[in-house]
file target-v1.cif (mmCIF, C-alpha atoms)
data_my_file
loop_
_atom_site.group_PDB
_atom_site.id
_atom_site.type_symbol
_atom_site.label_atom_id
_atom_site.label_comp_id
_atom_site.auth_asym_id
_atom_site.auth_seq_id
_atom_site.Cartn_x
_atom_site.Cartn_y
_atom_site.Cartn_z
ATOM 1 C CA MET A 16 4.790 32.822 8.979
ATOM 2 C CA SER A 17 4.358 31.411 12.445
ATOM 3 C CA SER A 18 4.611 27.722 13.197
ATOM 4 C CA THR A 19 1.668 25.748 11.948
ATOM 5 C CA LYS A 20 0.010 22.552 13.090
ATOM 6 C CA ASP A 21 -0.425 19.471 10.932
ATOM 7 C CA LEU A 22 -4.170 18.799 10.992
ATOM 8 C CA ASP A 23 -4.394 16.012 8.372
ATOM 9 C CA SER A 24 -7.953 17.006 7.495
ATOM 10 C CA LEU A 25 -10.663 19.625 7.618
ATOM 11 C CA VAL A 26 -13.478 18.805 10.025
ATOM 12 C CA PHE A 27 -16.812 20.630 9.884
ATOM 13 C CA ALA A 28 -19.106 20.214 12.891
ATOM 14 C CA PHE A 29 -22.561 21.698 13.447
ATOM 15 C CA PRO A 30 -23.446 20.872 17.098
ATOM 16 C CA GLU A 31 -26.094 23.571 17.055
ATOM 17 C CA VAL A 32 -27.907 21.560 14.351
ATOM 18 C CA HIS A 33 -27.276 18.020 15.583
ATOM 19 C CA GLU A 34 -24.564 16.152 17.471
ATOM 20 C CA ASP A 35 -24.136 13.804 14.483
ATOM 21 C CA ALA A 36 -23.619 16.635 12.001
ATOM 22 C CA THR A 37 -19.855 16.283 11.436
ATOM 23 C CA LEU A 38 -18.072 16.026 8.094
ATOM 24 C CA ARG A 39 -14.387 15.245 7.498
ATOM 25 C CA ILE A 40 -12.655 16.256 4.256
ATOM 26 C CA THR A 41 -9.198 14.951 3.408
ATOM 27 C CA PHE A 42 -6.938 15.604 0.435
ATOM 28 C CA GLU A 43 -5.495 12.334 -0.808
ATOM 29 C CA ARG A 44 -2.135 11.868 -2.508
ATOM 30 C CA THR A 45 -2.461 9.634 -5.550
ATOM 31 C CA LEU A 46 -0.920 8.545 -8.834
ATOM 32 C CA ARG A 47 -1.100 11.084 -11.636
ATOM 33 C CA VAL A 48 -2.701 9.028 -14.412
ATOM 34 C CA PRO A 49 -1.209 9.416 -17.900
ATOM 35 C CA ASP A 50 -2.506 12.332 -19.946
ATOM 36 C CA ASP A 51 -3.304 10.361 -23.091
ATOM 37 C CA GLU A 52 -6.252 8.912 -24.995
ATOM 38 C CA THR A 53 -7.079 6.335 -22.309
ATOM 39 C CA THR A 54 -9.670 6.842 -19.582
ATOM 40 C CA TYR A 55 -8.351 5.282 -16.394
ATOM 41 C CA GLY A 56 -10.020 3.894 -13.295
ATOM 42 C CA LEU A 57 -9.798 5.497 -9.870
ATOM 43 C CA PRO A 58 -6.293 5.276 -8.381
ATOM 44 C CA PRO A 59 -6.268 4.716 -4.615
ATOM 45 C CA SER A 60 -4.988 6.992 -1.889
ATOM 46 C CA LEU A 61 -1.246 6.922 -1.230
ATOM 47 C CA GLY A 62 -1.780 8.766 2.036
ATOM 48 C CA GLU A 63 -3.325 12.046 3.093
ATOM 49 C CA PHE A 64 -1.736 15.395 2.363
ATOM 50 C CA PRO A 65 -0.910 17.188 5.604
ATOM 51 C CA VAL A 66 -3.104 20.214 6.250
ATOM 52 C CA PHE A 67 -1.434 23.100 8.078
ATOM 53 C CA LEU A 68 -3.270 25.930 9.805
ATOM 54 C CA ASP A 69 -1.793 29.402 10.352
ATOM 55 C CA PRO A 70 -3.825 30.905 13.222
ATOM 56 C CA ARG A 71 -2.929 34.478 12.253
ATOM 57 C CA ALA A 72 -3.879 34.254 8.591
ATOM 58 C CA ARG A 73 -6.794 31.887 9.281
ATOM 59 C CA GLU A 74 -5.991 29.878 6.212
ATOM 60 C CA SER A 75 -5.116 26.231 5.722
ATOM 61 C CA LEU A 76 -2.218 25.053 3.557
ATOM 62 C CA ILE A 77 -1.508 21.811 1.729
ATOM 63 C CA PRO A 78 1.908 21.220 0.124
ATOM 64 C CA MET A 79 1.978 19.597 -3.332
ATOM 65 C CA TRP A 80 4.855 18.844 -5.656
ATOM 66 C CA GLN A 81 4.661 20.269 -9.174
ATOM 67 C CA SER A 82 2.655 17.886 -11.420
ATOM 68 C CA GLU A 83 1.431 15.904 -8.387
ATOM 69 C CA ALA A 84 -2.173 14.638 -8.379
ATOM 70 C CA MET A 85 -4.796 14.793 -5.652
ATOM 71 C CA TRP A 86 -8.364 13.752 -4.903
ATOM 72 C CA MET A 87 -10.796 14.873 -2.223
ATOM 73 C CA ASN A 88 -12.413 12.419 0.178
ATOM 74 C CA PHE A 89 -15.664 13.205 2.021
ATOM 75 C CA SER A 90 -16.556 11.093 5.041
ATOM 76 C CA THR A 91 -18.979 11.119 7.948
ATOM 77 C CA ASN A 92 -18.981 8.300 10.487
ATOM 78 C CA SER A 93 -22.646 8.815 11.235
ATOM 79 C CA GLY A 94 -23.790 8.941 7.618
ATOM 80 C CA TYR A 95 -25.193 12.421 8.254
ATOM 81 C CA PRO A 96 -25.949 14.127 4.890
ATOM 82 C CA PHE A 97 -24.160 17.302 3.838
ATOM 83 C CA LEU A 98 -24.247 19.726 0.951
ATOM 84 C CA VAL A 99 -20.752 20.736 -0.224
ATOM 85 C CA LYS A 100 -19.733 23.415 -2.715
ATOM 86 C CA ILE A 101 -16.195 23.170 -4.110
ATOM 87 C CA GLY A 102 -14.297 26.038 -5.677
ATOM 88 C CA VAL A 103 -10.932 25.596 -7.402
ATOM 89 C CA GLY A 104 -8.968 28.662 -8.407
ATOM 90 C CA GLY A 105 -12.114 30.774 -8.371
ATOM 91 C CA LEU A 106 -14.278 28.378 -10.415
ATOM 92 C CA ASN A 107 -16.938 25.949 -9.248
ATOM 93 C CA ALA A 108 -15.343 22.516 -9.767
ATOM 94 C CA ILE A 109 -18.719 21.009 -10.714
ATOM 95 C CA THR A 110 -20.334 23.604 -12.978
ATOM 96 C CA GLY A 111 -17.300 25.489 -14.293
ATOM 97 C CA GLU A 112 -18.953 28.798 -13.425
ATOM 98 C CA PRO A 113 -17.382 31.519 -11.232
ATOM 99 C CA PHE A 114 -17.423 30.321 -7.629
ATOM 100 C CA ARG A 115 -19.923 31.984 -5.298
ATOM 101 C CA SER A 116 -20.468 31.186 -1.648
ATOM 102 C CA GLU A 117 -24.244 31.351 -2.070
ATOM 103 C CA ILE A 118 -25.889 27.991 -2.816
ATOM 104 C CA ASP A 119 -27.598 27.870 -6.207
ATOM 105 C CA PHE A 120 -30.246 25.173 -6.000
ATOM 106 C CA ALA A 121 -31.469 25.941 -9.518
ATOM 107 C CA ASP A 122 -28.038 25.164 -10.986
ATOM 108 C CA ASP A 123 -27.196 22.219 -8.671
ATOM 109 C CA ASP A 124 -23.770 23.782 -8.071
ATOM 110 C CA TYR A 125 -22.856 21.400 -5.246
ATOM 111 C CA VAL A 126 -22.505 17.724 -4.360
ATOM 112 C CA GLU A 127 -24.329 15.752 -1.690
ATOM 113 C CA ILE A 128 -22.495 13.675 0.867
ATOM 114 C CA PRO A 129 -22.506 10.671 1.301
ATOM 115 C CA THR A 130 -23.961 10.208 -2.209
ATOM 116 C CA GLN A 131 -20.725 11.667 -3.628
ATOM 117 C CA PRO A 132 -17.970 10.053 -1.550
ATOM 118 C CA TRP A 133 -15.018 11.621 -3.388
ATOM 119 C CA LEU A 134 -13.978 13.946 -6.203
ATOM 120 C CA ASP A 135 -10.916 13.209 -8.349
ATOM 121 C CA GLY A 136 -11.030 16.127 -10.763
ATOM 122 C CA PHE A 137 -12.910 18.693 -12.800
ATOM 123 C CA TYR A 138 -16.293 17.542 -14.118
ATOM 124 C CA ALA A 139 -15.827 16.804 -17.834
ATOM 125 C CA ASP A 140 -18.913 14.847 -18.898
ATOM 126 C CA PRO A 141 -21.421 12.375 -17.391
ATOM 127 C CA THR A 142 -18.825 9.588 -17.168
ATOM 128 C CA THR A 143 -15.428 11.247 -16.634
ATOM 129 C CA VAL A 144 -13.443 13.880 -14.768
ATOM 130 C CA ARG A 145 -10.047 15.440 -15.572
ATOM 131 C CA GLN A 146 -7.683 14.724 -12.721
ATOM 132 C CA PHE A 147 -6.578 17.507 -10.338
ATOM 133 C CA VAL A 148 -2.865 18.187 -11.031
ATOM 134 C CA ALA A 149 -0.853 20.854 -9.193
ATOM 135 C CA MET A 150 1.065 23.352 -11.337
ATOM 136 C CA PRO A 151 2.719 26.738 -10.642
ATOM 137 C CA LEU A 152 0.576 29.778 -11.259
ATOM 138 C CA GLY A 153 1.450 32.273 -13.970
ATOM 139 C CA GLY A 154 2.201 29.823 -16.780
ATOM 140 C CA GLY A 155 -1.345 29.226 -17.998
ATOM 141 C CA TYR A 156 -1.383 25.620 -16.810
ATOM 142 C CA SER A 157 -4.204 25.924 -14.296
ATOM 143 C CA VAL A 158 -7.766 25.537 -15.524
ATOM 144 C CA ALA A 159 -8.882 28.818 -13.946
ATOM 145 C CA GLU A 160 -6.069 30.769 -15.624
ATOM 146 C CA GLN A 161 -7.089 29.363 -18.991
ATOM 147 C CA LEU A 162 -10.814 30.046 -18.643
ATOM 148 C CA THR A 163 -10.767 33.352 -16.720
ATOM 149 C CA GLY A 164 -7.215 34.697 -16.885
ATOM 150 C CA THR A 165 -6.736 34.494 -13.092
ATOM 151 C CA ASP A 166 -6.363 31.857 -10.393
ATOM 152 C CA ASP A 167 -6.271 32.588 -6.652
ATOM 153 C CA GLY A 168 -4.452 29.334 -5.848
ATOM 154 C CA THR A 169 -7.090 28.128 -3.417
ATOM 155 C CA ILE A 170 -9.665 25.429 -2.872
ATOM 156 C CA ARG A 171 -12.829 26.909 -1.334
ATOM 157 C CA LEU A 172 -15.415 24.869 0.493
ATOM 158 C CA VAL A 173 -18.933 25.706 1.627
ATOM 159 C CA VAL A 174 -20.659 23.096 3.790
ATOM 160 C CA ALA A 175 -24.270 22.900 4.981
ATOM 161 C CA PRO A 176 -25.864 20.028 6.964
ATOM 162 C CA LEU A 177 -29.234 18.369 6.668
ATOM 163 C CA ARG A 178 -31.933 19.764 8.953
ATOM 164 C CA ALA A 179 -32.092 17.966 12.292
ATOM 165 C CA ASP A 180 -35.781 17.086 11.975
ATOM 166 C CA LYS A 181 -35.094 15.330 8.670
ATOM 167 C CA TRP A 182 -32.158 13.441 10.158
ATOM 168 C CA ALA A 183 -34.358 12.319 13.070
ATOM 169 C CA GLU A 184 -36.313 10.204 10.589
ATOM 170 C CA ARG A 185 -33.163 8.254 9.603
ATOM 171 C CA PRO A 186 -30.710 5.841 11.308
ATOM 172 C CA GLN A 187 -28.259 7.663 13.586
ATOM 173 C CA PHE A 188 -24.815 7.062 15.065
ATOM 174 C CA ARG A 189 -23.019 9.380 17.460
ATOM 175 C CA TYR A 190 -19.877 11.172 16.218
ATOM 176 C CA MET A 191 -18.353 14.462 17.392
ATOM 177 C CA SER A 192 -15.387 16.601 16.348
ATOM 178 C CA GLU A 193 -14.316 20.229 15.948
ATOM 179 C CA MET A 194 -14.606 22.600 13.021
ATOM 180 C CA ILE A 195 -11.704 24.205 11.214
ATOM 181 C CA CYS A 196 -12.405 27.081 8.869
ATOM 182 C CA GLY A 197 -10.709 30.071 7.268
ATOM 183 C CA SER A 198 -11.218 33.241 5.285
ATOM 184 C CA VAL A 199 -10.283 33.773 1.641
ATOM 185 C CA PRO A 200 -6.604 34.855 1.423
ATOM 186 C CA ASP A 201 -4.904 36.854 -1.312
ATOM 187 C CA ALA A 202 -3.059 34.849 -3.958
ATOM 188 C CA SER A 203 0.735 34.772 -3.682
ATOM 189 C CA ALA A 204 3.056 35.261 -6.618
ATOM 190 C CA ASP A 205 4.615 31.803 -6.253
ATOM 191 C CA GLY A 206 1.412 29.904 -5.492
ATOM 192 C CA MET A 207 0.128 26.697 -7.019
ATOM 193 C CA GLY A 208 -3.080 26.048 -8.923
ATOM 194 C CA LEU A 209 -4.824 22.942 -10.230
ATOM 195 C CA GLY A 210 -4.566 22.028 -13.874
ATOM 196 C CA ALA A 211 -6.441 19.340 -15.800
ATOM 197 C CA GLY A 212 -4.692 15.991 -15.984
ATOM 198 C CA GLY A 213 -5.606 12.644 -17.466
ATOM 199 C CA SER A 214 -9.115 11.305 -17.822
ATOM 200 C CA ILE A 215 -10.662 9.220 -15.020
ATOM 201 C CA THR A 216 -13.957 7.326 -15.036
ATOM 202 C CA GLN A 217 -16.081 8.998 -12.377
ATOM 203 C CA SER A 218 -19.629 10.285 -12.328
ATOM 204 C CA ILE A 219 -20.730 13.371 -10.416
ATOM 205 C CA ALA A 220 -24.048 12.549 -8.795
ATOM 206 C CA THR A 221 -26.984 14.860 -9.393
ATOM 207 C CA PRO A 222 -28.394 16.194 -6.090
ATOM 208 C CA ILE A 223 -31.589 14.407 -5.087
ATOM 209 C CA GLU A 224 -32.294 15.748 -1.591
ATOM 210 C CA PRO A 225 -35.232 18.223 -1.546
ATOM 211 C CA THR A 226 -33.796 21.722 -1.228
ATOM 212 C CA GLU A 227 -35.952 22.559 1.781
ATOM 213 C CA ASN A 228 -34.273 19.745 3.732
ATOM 214 C CA TRP A 229 -30.957 21.613 4.026
ATOM 215 C CA GLU A 230 -30.018 23.897 6.915
ATOM 216 C CA THR A 231 -28.503 26.774 4.945
ATOM 217 C CA SER A 232 -28.860 29.681 7.381
ATOM 218 C CA SER A 233 -25.230 29.475 8.565
ATOM 219 C CA PRO A 234 -23.084 27.329 6.255
ATOM 220 C CA ALA A 235 -19.441 26.737 7.186
ATOM 221 C CA LYS A 236 -16.731 28.073 4.890
ATOM 222 C CA ALA A 237 -13.083 27.080 4.555
ATOM 223 C CA VAL A 238 -10.238 27.977 2.238
ATOM 224 C CA VAL A 239 -7.193 25.850 1.539
ATOM 225 C CA ARG A 240 -4.159 27.345 -0.192
ATOM 226 C CA ILE A 241 -1.963 25.078 -2.293
ATOM 227 C CA ILE A 242 1.756 25.660 -1.713
ATOM 228 C CA ASN A 243 4.738 24.146 -3.476
ATOM 229 C CA SER A 244 6.256 21.306 -1.453
ATOM 230 C CA ALA A 245 9.687 22.799 -2.131
ATOM 231 C CA ALA A 246 8.661 25.771 0.058
ATOM 232 C CA CYS A 247 6.989 23.651 2.759
ATOM 233 C CA GLN A 248 9.848 23.883 5.275
ATOM 234 C CA GLU A 249 10.043 27.666 5.004
ATOM 235 C CA LEU A 250 6.308 28.241 5.239
ATOM 236 C CA THR A 251 5.291 25.634 7.814
ATOM 237 C CA ASN A 252 8.438 24.659 9.744
ATOM 238 C CA ALA A 253 7.750 21.064 8.660
ATOM 239 C CA ASN A 254 9.343 18.722 6.162
ATOM 240 C CA PRO A 255 7.441 18.314 2.876
ATOM 241 C CA PRO A 256 5.787 15.008 1.973
ATOM 242 C CA HIS A 257 7.949 12.590 0.002
ATOM 243 C CA LYS A 258 7.892 12.980 -3.754
ATOM 244 C CA PRO A 259 5.073 11.183 -5.583
ATOM 245 C CA LEU A 260 5.592 7.732 -7.048
ATOM 246 C CA THR A 261 6.346 7.360 -10.740
ATOM 247 C CA ILE A 262 4.030 5.237 -12.848
ATOM 248 C CA GLU A 263 6.585 2.426 -12.995
ATOM 249 C CA GLN A 264 6.998 2.432 -9.207
ATOM 250 C CA TYR A 265 3.228 2.413 -8.829
ATOM 251 C CA ARG A 266 2.922 -0.626 -11.080
ATOM 252 C CA GLN A 267 5.770 -2.425 -9.321
ATOM 253 C CA TYR A 268 3.918 -2.113 -6.027
ATOM 254 C CA ASN A 269 0.828 -3.526 -7.772
ATOM 255 C CA TYR A 270 -1.524 -0.938 -6.325
ATOM 256 C CA PRO A 271 -5.207 -1.577 -7.132
ATOM 257 C CA TRP A 272 -7.546 0.465 -9.323
ATOM 258 C CA PHE A 273 -11.202 1.099 -8.580
ATOM 259 C CA GLN A 274 -14.429 1.820 -10.422
ATOM 260 C CA TRP A 275 -17.414 3.706 -9.046
ATOM 261 C CA TYR A 276 -20.101 4.954 -11.386
ATOM 262 C CA GLU A 277 -23.815 5.420 -10.809
ATOM 263 C CA ASP A 278 -25.525 5.862 -14.180
ATOM 264 C CA SER A 279 -28.971 6.583 -12.733
ATOM 265 C CA LEU A 280 -27.698 9.557 -10.699
ATOM 266 C CA ALA A 281 -24.943 10.870 -12.960
ATOM 267 C CA ARG A 282 -24.979 14.596 -13.709
ATOM 268 C CA GLN A 283 -25.727 15.243 -17.371
ATOM 269 C CA GLY A 284 -24.737 17.971 -19.814
ATOM 270 C CA ASP A 285 -21.654 19.603 -21.287
ATOM 271 C CA SER A 286 -18.960 21.121 -19.120
ATOM 272 C CA PRO A 287 -17.095 24.435 -19.546
ATOM 273 C CA PHE A 288 -14.019 22.527 -18.379
ATOM 274 C CA ASN A 289 -13.926 20.757 -21.742
ATOM 275 C CA LYS A 290 -12.662 24.068 -23.191
ATOM 276 C CA ALA A 291 -9.570 23.954 -20.989
ATOM 277 C CA LYS A 292 -6.391 22.298 -22.226
ATOM 278 C CA THR A 293 -4.683 19.655 -20.161
ATOM 279 C CA VAL A 294 -1.304 20.232 -18.528
ATOM 280 C CA LYS A 295 0.319 18.181 -21.281
ATOM 281 C CA GLN A 296 -1.355 20.206 -24.041
ATOM 282 C CA VAL A 297 -0.319 23.539 -22.516
ATOM 283 C CA GLY A 298 3.237 22.242 -22.238
ATOM 284 C CA GLU A 299 3.266 21.255 -25.896
ATOM 285 C CA ASP A 300 2.008 24.717 -26.880
ATOM 286 C CA ASN A 301 4.809 26.315 -24.810
ATOM 287 C CA ASP A 302 7.484 23.851 -25.990
ATOM 288 C CA GLU A 303 7.849 22.682 -22.394
ATOM 289 C CA GLN A 304 7.719 19.306 -20.648
ATOM 290 C CA PRO A 305 5.781 19.906 -17.413
ATOM 291 C CA LEU A 306 5.068 16.208 -16.780
ATOM 292 C CA PRO A 307 8.210 14.293 -15.740
ATOM 293 C CA ASP A 308 6.473 10.932 -16.159
ATOM 294 C CA ASN A 309 3.593 10.361 -18.576
ATOM 295 C CA THR A 310 4.076 6.751 -19.653
ATOM 296 C CA SER A 311 0.935 5.231 -21.160
ATOM 297 C CA PHE A 312 -0.090 1.724 -20.149
ATOM 298 C CA ALA A 313 -3.061 -0.628 -20.259
ATOM 299 C CA PRO A 314 -4.779 -0.252 -16.874
ATOM 300 C CA PRO A 315 -5.753 -3.482 -15.082
ATOM 301 C CA THR A 316 -9.334 -4.475 -14.404
ATOM 302 C CA PRO A 317 -10.561 -2.237 -11.573
ATOM 303 C CA ILE A 318 -12.243 -3.323 -8.373
ATOM 304 C CA VAL A 319 -15.918 -2.350 -8.644
ATOM 305 C CA LEU A 320 -17.263 -0.362 -5.705
ATOM 306 C CA GLY A 321 -20.966 0.120 -5.048
ATOM 307 C CA PRO A 322 -22.420 3.657 -4.758
#
call {"tool": "encode", "arguments": {"input": "target-v1.cif", "output": "structure tokens"}}
result
Amino acid sequence: MSSTKDLDSLVFAFPEVHEDATLRITFERTLRVPDDETTYGLPPSLGEFPVFLDPRARESLIPMWQSEAMWMNFSTNSGYPFLVKIGVGGLNAITGEPFRSEIDFADDDYVEIPTQPWLDGFYADPTTVRQFVAMPLGGGYSVAEQLTGTDDGTIRLVVAPLRADKWAERPQFRYMSEMICGSVPDASADGMGLGAGGSITQSIATPIEPTENWETSSPAKAVVRIINSAACQELTNANPPHKPLTIEQYRQYNYPWFQWYEDSLARQGDSPFNKAKTVKQVGEDNDEQPLPDNTSFAPPTPIVLGP
């Protein structure tokens, strides 16, 4: 693989729609919460995962250590609204259905930005998600492998902006950047997928923007492949990120916890992801210990954030 460039984020810009129509998506390193009977608050970012781009393959890469956790952050300096579809391993991370690039307004198979500022895991129920945890493919640990038998080891994104005439009716701030996108690559034999970790309090907001307000004629698409941090040097010519903190180290540093839940907008209904076993449960079935640190503890009172 040729040398790659550390991009730190994916930036989607639609200058043909409006100069403010720019969305930045980052993948945040975070504490893997214990996989136990407790539902934890939102752990903060411990820094962004580097994002590498291979110009030949037109795919982006993020390195993750085995059993490391991640959350996705969606931001736009202007406040410009976006529709975002998220696929993980071939499944829609919100609905649990097979991922399709086409937008399904009837099924609300997307989130709206900035109403949904981040996503910490697979939608489980109206109040919780199961944390995204990286695990090697082939062992049945990833959610997609459990529910469909296959996992392509990628995170797929489809982004569409609000129509310019609708944005003209709202407050505006100037912000410009470039767009980075890629095509869907083939899965590698030693790739990484996302399994279900511990339970986190987080609602997934139901879309409220009228469907006709979205500019869906030419949505942007990007694919991010998860690679094992142990192979980062070989694949990207860059050193891998440092290993994630243990729970005890995290507590020693006294990192904060957060709470963000909007009951009036929370998506309702059962989730197919509830049929998937967590990484811990799969390990117990296989007589393996995939989680090097799973110490339970009483989480502190979280800092409440407004939606």
call {"tool": "residues_around", "arguments": {"input": "target-v1.cif", "residues": "A:Leu209", "least_positions_apart": "5", "cutoff": "9 Å", "atoms": "all atoms listed in the file", "output": "PyMOL selection string"}}
result
chain A and resi 84+103-104+147-152+156-159+168-169+241
call {"tool": "residues_near_point", "arguments": {"input": "target-v1.cif", "point": "(-18.4, 17.5, -13.8)", "cutoff": "9 Å", "atoms": "only C-alpha atoms", "output": "PyMOL selection string"}}
result
chain A and resi 108-111+136-145+217-219+282-286+288
call {"tool": "closest_residue", "arguments": {"input": "target-v1.cif", "among": "A:Leu46, A:Ala291, A:Ile242, A:Leu57", "to": "A:Pro315", "atoms": "only C-alpha atoms"}}
result
A:Leu57
call {"tool": "resolve_selection", "arguments": {"input": "target-v1.cif", "expression": "the PyMOL selection byres ((chain A and resi 47) around 10)", "output": "PyMOL selection string"}}
result
chain A and resi 44-46+48-50+58+82-85+146-148+212-213+259-262+306+308-309
call {"tool": "closest_residue", "arguments": {"input": "target-v1.cif", "among": "A:Pro132, A:Pro317, A:Pro78, A:Pro305", "to": "A:Tyr270", "atoms": "only C-alpha atoms"}}
result
A:Pro317
call {"tool": "atom_distance", "arguments": {"input": "target-v1.cif", "atom1": "atom CA of A:Gly210", "atom2": "atom CA of A:Thr53"}}
result
18.0 Å
call {"tool": "atom_distance", "arguments": {"input": "target-v1.cif", "atom1": "atom CA of A:Phe114", "atom2": "atom CA of A:Gly164"}}
result
14.5 Å
call {"tool": "closest_residue", "arguments": {"input": "target-v1.cif", "among": "A:Glu263, A:Glu74, A:Glu127, A:Glu230", "to": "A:Ile101", "atoms": "only C-alpha atoms"}}
result
A:Glu127
call {"tool": "closest_residue", "arguments": {"input": "target-v1.cif", "among": "A:Gln304, A:Gln264, A:Gln81, A:Ser116", "to": "A:Val238", "atoms": "all atoms listed in the file"}}
result
A:Ser116
call {"tool": "closest_residue", "arguments": {"input": "target-v1.cif", "among": "A:Glu299, A:Ile215, A:Arg266, A:Ser311", "to": "A:Gly56", "atoms": "only C-alpha atoms"}}
result
A:Ile215
call {"tool": "atom_distance", "arguments": {"input": "target-v1.cif", "atom1": "atom CA of A:Trp80", "atom2": "atom CA of A:Thr163"}}
result
24.0 Å
call {"tool": "closest_residue", "arguments": {"input": "target-v1.cif", "among": "A:Trp133, A:Phe273, A:Phe312, A:Phe27", "to": "A:Pro176", "atoms": "all atoms listed in the file"}}
result
A:Phe27
call {"tool": "resolve_selection", "arguments": {"input": "target-v1.cif", "expression": "the PyMOL selection byres ((chain A and resi 174) around 12)", "output": "ChimeraX atom specification"}}
result
/A:25-29,36-40,89,96-102,116-118,125-128,171-173,175-177,194-196,229-238
call {"tool": "residues_around", "arguments": {"input": "target-v1.cif", "residues": "A:Ile77", "least_positions_apart": "5", "cutoff": "9 Å", "atoms": "all atoms listed in the file", "output": "PyMOL selection string"}}
result
chain A and resi 42+64-67+239-244+247
